[in-house]
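my_file_29.cif follows (mmCIF, C-alpha atoms):
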data_final
loop_
_atom_site.label_atom_id
_atom_site.label_comp_id
_atom_site.auth_asym_id
_atom_site.auth_seq_id
_atom_site.Cartn_x
_atom_site.Cartn_y
_atom_site.Cartn_z
CA MET V 1 -11.20 -4.84 28.58
CA ASN V 2 -10.89 -7.47 25.86
CA ARG V 3 -11.49 -6.80 22.20
CA ARG V 4 -13.39 -8.78 19.65
CA THR V 5 -12.78 -8.52 15.94
CA PHE V 6 -15.29 -9.17 13.17
CA LEU V 7 -14.83 -9.50 9.45
CA LYS V 8 -17.72 -7.91 7.59
CA ALA V 9 -18.76 -10.01 4.56
CA THR V 10 -15.80 -10.63 2.26
CA ALA V 11 -14.43 -7.10 2.42
CA ALA V 12 -10.97 -6.60 3.83
CA SER V 13 -12.19 -4.14 6.44
CA ALA V 14 -12.26 -5.15 10.06
CA VAL V 15 -14.13 -3.64 12.92
CA VAL V 16 -12.80 -3.91 16.43
CA LEU V 17 -15.51 -3.93 19.08
CA ALA V 18 -14.88 -3.63 22.80
CA THR V 19 -16.56 -6.35 24.83
CA ALA V 20 -16.50 -7.85 28.29
CA GLY V 21 -14.72 -10.91 26.94
CA VAL V 22 -14.65 -13.07 23.84
CA SER V 23 -15.62 -16.26 25.65
CA ALA V 24 -18.53 -14.55 27.41
CA ALA V 25 -19.64 -12.98 24.13
CA LEU V 26 -19.48 -16.34 22.36
CA ALA V 27 -21.51 -17.95 25.11
CA GLN V 28 -24.12 -15.21 24.86
CA ALA V 29 -24.20 -14.79 21.12
CA GLY V 30 -23.80 -18.41 20.07
CA GLY V 31 -24.82 -18.71 16.42
CA ALA V 32 -25.08 -14.94 15.99
CA ALA V 33 -21.31 -14.61 16.41
CA ARG V 34 -20.74 -17.28 13.75
CA GLU V 35 -23.10 -15.46 11.39
CA ARG V 36 -21.04 -12.31 11.80
CA ARG V 37 -17.90 -14.36 11.09
CA LEU V 38 -15.97 -13.91 14.33
CA LEU V 39 -12.25 -14.20 13.66
CA THR V 40 -10.75 -17.14 15.53
CA ASP V 41 -7.17 -15.83 15.37
CA PRO V 42 -7.50 -12.05 14.85
CA GLN V 43 -3.79 -11.22 14.63
CA ARG V 44 -3.02 -13.88 12.03
CA GLU V 45 -6.18 -13.31 10.02
CA LEU V 46 -5.83 -9.51 10.03
CA ALA V 47 -2.18 -9.82 9.00
CA HIS V 48 -3.34 -12.02 6.11
CA LEU V 49 -5.91 -9.39 5.09
CA VAL V 50 -3.26 -6.68 5.17
CA ARG V 51 -0.95 -8.80 3.01
CA GLU V 52 -3.77 -9.40 0.52
CA GLY V 53 -4.52 -5.68 0.43
CA ASN V 54 -0.87 -4.82 -0.07
CA ALA V 55 -0.58 -7.41 -2.83
CA MET V 56 -3.20 -5.52 -4.78
CA ARG V 57 -1.28 -2.26 -4.57
CA PRO V 58 1.16 -1.59 -7.41
CA TRP V 59 4.86 -1.44 -6.56
CA PHE V 60 4.83 2.31 -7.21
CA ALA V 61 1.85 2.89 -4.86
CA PRO V 62 2.46 6.52 -3.84
CA LEU V 63 3.23 7.52 -7.44
CA THR V 64 1.11 7.74 -10.55
CA ALA V 65 1.87 5.36 -13.42
CA ARG V 66 3.57 8.18 -15.35
CA GLN V 67 5.69 9.14 -12.34
CA ALA V 68 6.66 5.49 -11.91
CA HIS V 69 7.77 5.39 -15.56
CA VAL V 70 9.81 8.58 -15.07
CA SER V 71 11.32 7.19 -11.86
CA GLU V 72 12.43 4.04 -13.71
CA LEU V 73 14.09 6.18 -16.38
CA VAL V 74 15.83 8.24 -13.68
CA ALA V 75 17.01 4.97 -12.11
CA LEU V 76 18.51 4.00 -15.47
CA GLY V 77 20.62 7.16 -15.29
CA LEU V 78 18.86 9.27 -17.92
CA THR V 79 18.88 13.05 -17.60
CA ASN V 80 15.64 15.05 -17.63
CA THR V 81 16.34 16.08 -21.23
CA GLU V 82 16.81 12.46 -22.28
CA ILE V 83 13.66 11.43 -20.41
CA ALA V 84 11.67 14.21 -22.10
CA ARG V 85 12.91 13.08 -25.50
CA HIS V 86 12.08 9.45 -24.68
CA LEU V 87 8.55 10.30 -23.49
CA GLY V 88 7.85 12.92 -26.13
CA THR V 89 7.20 15.63 -23.55
CA SER V 90 8.85 18.94 -22.78
CA VAL V 91 11.84 19.16 -20.45
CA ARG V 92 9.78 21.37 -18.16
CA THR V 93 7.12 18.65 -17.82
CA THR V 94 9.81 16.11 -17.01
CA ASP V 95 11.29 18.50 -14.45
CA ALA V 96 7.85 18.77 -12.83
CA HIS V 97 7.45 14.98 -12.76
CA VAL V 98 10.85 14.51 -11.11
CA ALA V 99 10.16 17.28 -8.58
CA ASN V 100 6.78 15.76 -7.70
CA ILE V 101 8.36 12.32 -7.30
CA PHE V 102 10.99 13.73 -4.95
CA ASN V 103 8.29 15.48 -2.92
CA LYS V 104 6.02 12.43 -2.67
CA LEU V 105 8.82 10.12 -1.63
CA ASP V 106 10.64 12.73 0.49
CA LEU V 107 13.85 12.24 -1.47
CA HIS V 108 16.49 14.77 -2.45
CA LYS V 109 18.86 13.05 -4.88
CA ARG V 110 18.49 11.00 -8.04
CA LYS V 111 20.59 8.26 -6.47
CA GLN V 112 18.06 7.96 -3.63
CA LEU V 113 15.28 7.64 -6.21
CA ALA V 114 17.22 4.93 -8.05
CA GLU V 115 17.66 3.03 -4.78
CA TRP V 116 13.92 3.38 -4.04
CA VAL V 117 13.04 1.96 -7.47
CA VAL V 118 15.38 -1.01 -6.97
CA ARG V 119 13.96 -1.69 -3.48
CA SER V 120 10.29 -1.22 -4.43
CA ARG V 121 10.11 -2.90 -7.79
CA PRO V 122 9.31 -6.60 -7.67
CA SER V 123 12.07 -8.86 -8.98
#
Could I get this structure in the form of structure tokens?
Amino acid sequence: MNRRTFLKATAASAVVLATAGVSAALAQAGGAARERRLLTDPQRELAHLVREGNAMRPWFAPLTARQAHVSELVALGLTNTEIARHLGTSVRTTDAHVANIFNKLDLHKRKQLAEWVVRSRPS
């Protein structure tokens, strides 16, 4: 069974519909398929949509903005006490931020977090 892919309006969502065949569907649907904006090269066009969607995500996507800030400070080599002083928060709050970052990213060491920041952050 072949698949046909449509792009709905200008949204980046795609719907994959099972059909008897794209060429047969085009012959039957004619202008209706063009109105629904049939993708001519689904793999390339969907990959482009995914890239556009990913471009809109911040570099720290799984983290909050505050956690991203804390992760950058960890990557600079600051201790939790120094980070707390820098941010004007308690050490316990900083400890919680670091623990939540480790859990979200499935990391266990500060060095791993520093490497993640270097890899993820745009140059």
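Note that atom CA of V:Leu107 and atom CA of V:Arg85 are 24.1 Å apart.
Comparing the minimum interatomic distances between V:Leu87 and each of V:Ile101, V:Leu63, V:Ala47, V:Val70, counting all atoms listed in the file, we find that V:Val70 sits nearest.
The gap separating atom CA of V:Leu105 from atom CA of V:Ile83 is 19.4 Å, in Å to one decimal.
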Looking at V:Arg119, V:His97, V:Arg92, V:His86, which one is nearest to V:Ser71, with distances taken over only C-alpha atoms? V:His97
Exactly which residues make up the result of the PyMOL selection byres ((chain V and resi 100) around 12) on this file, given as number ranges by chain? V: 62-64, 66-68, 70-71, 93-99, 101-108, 113
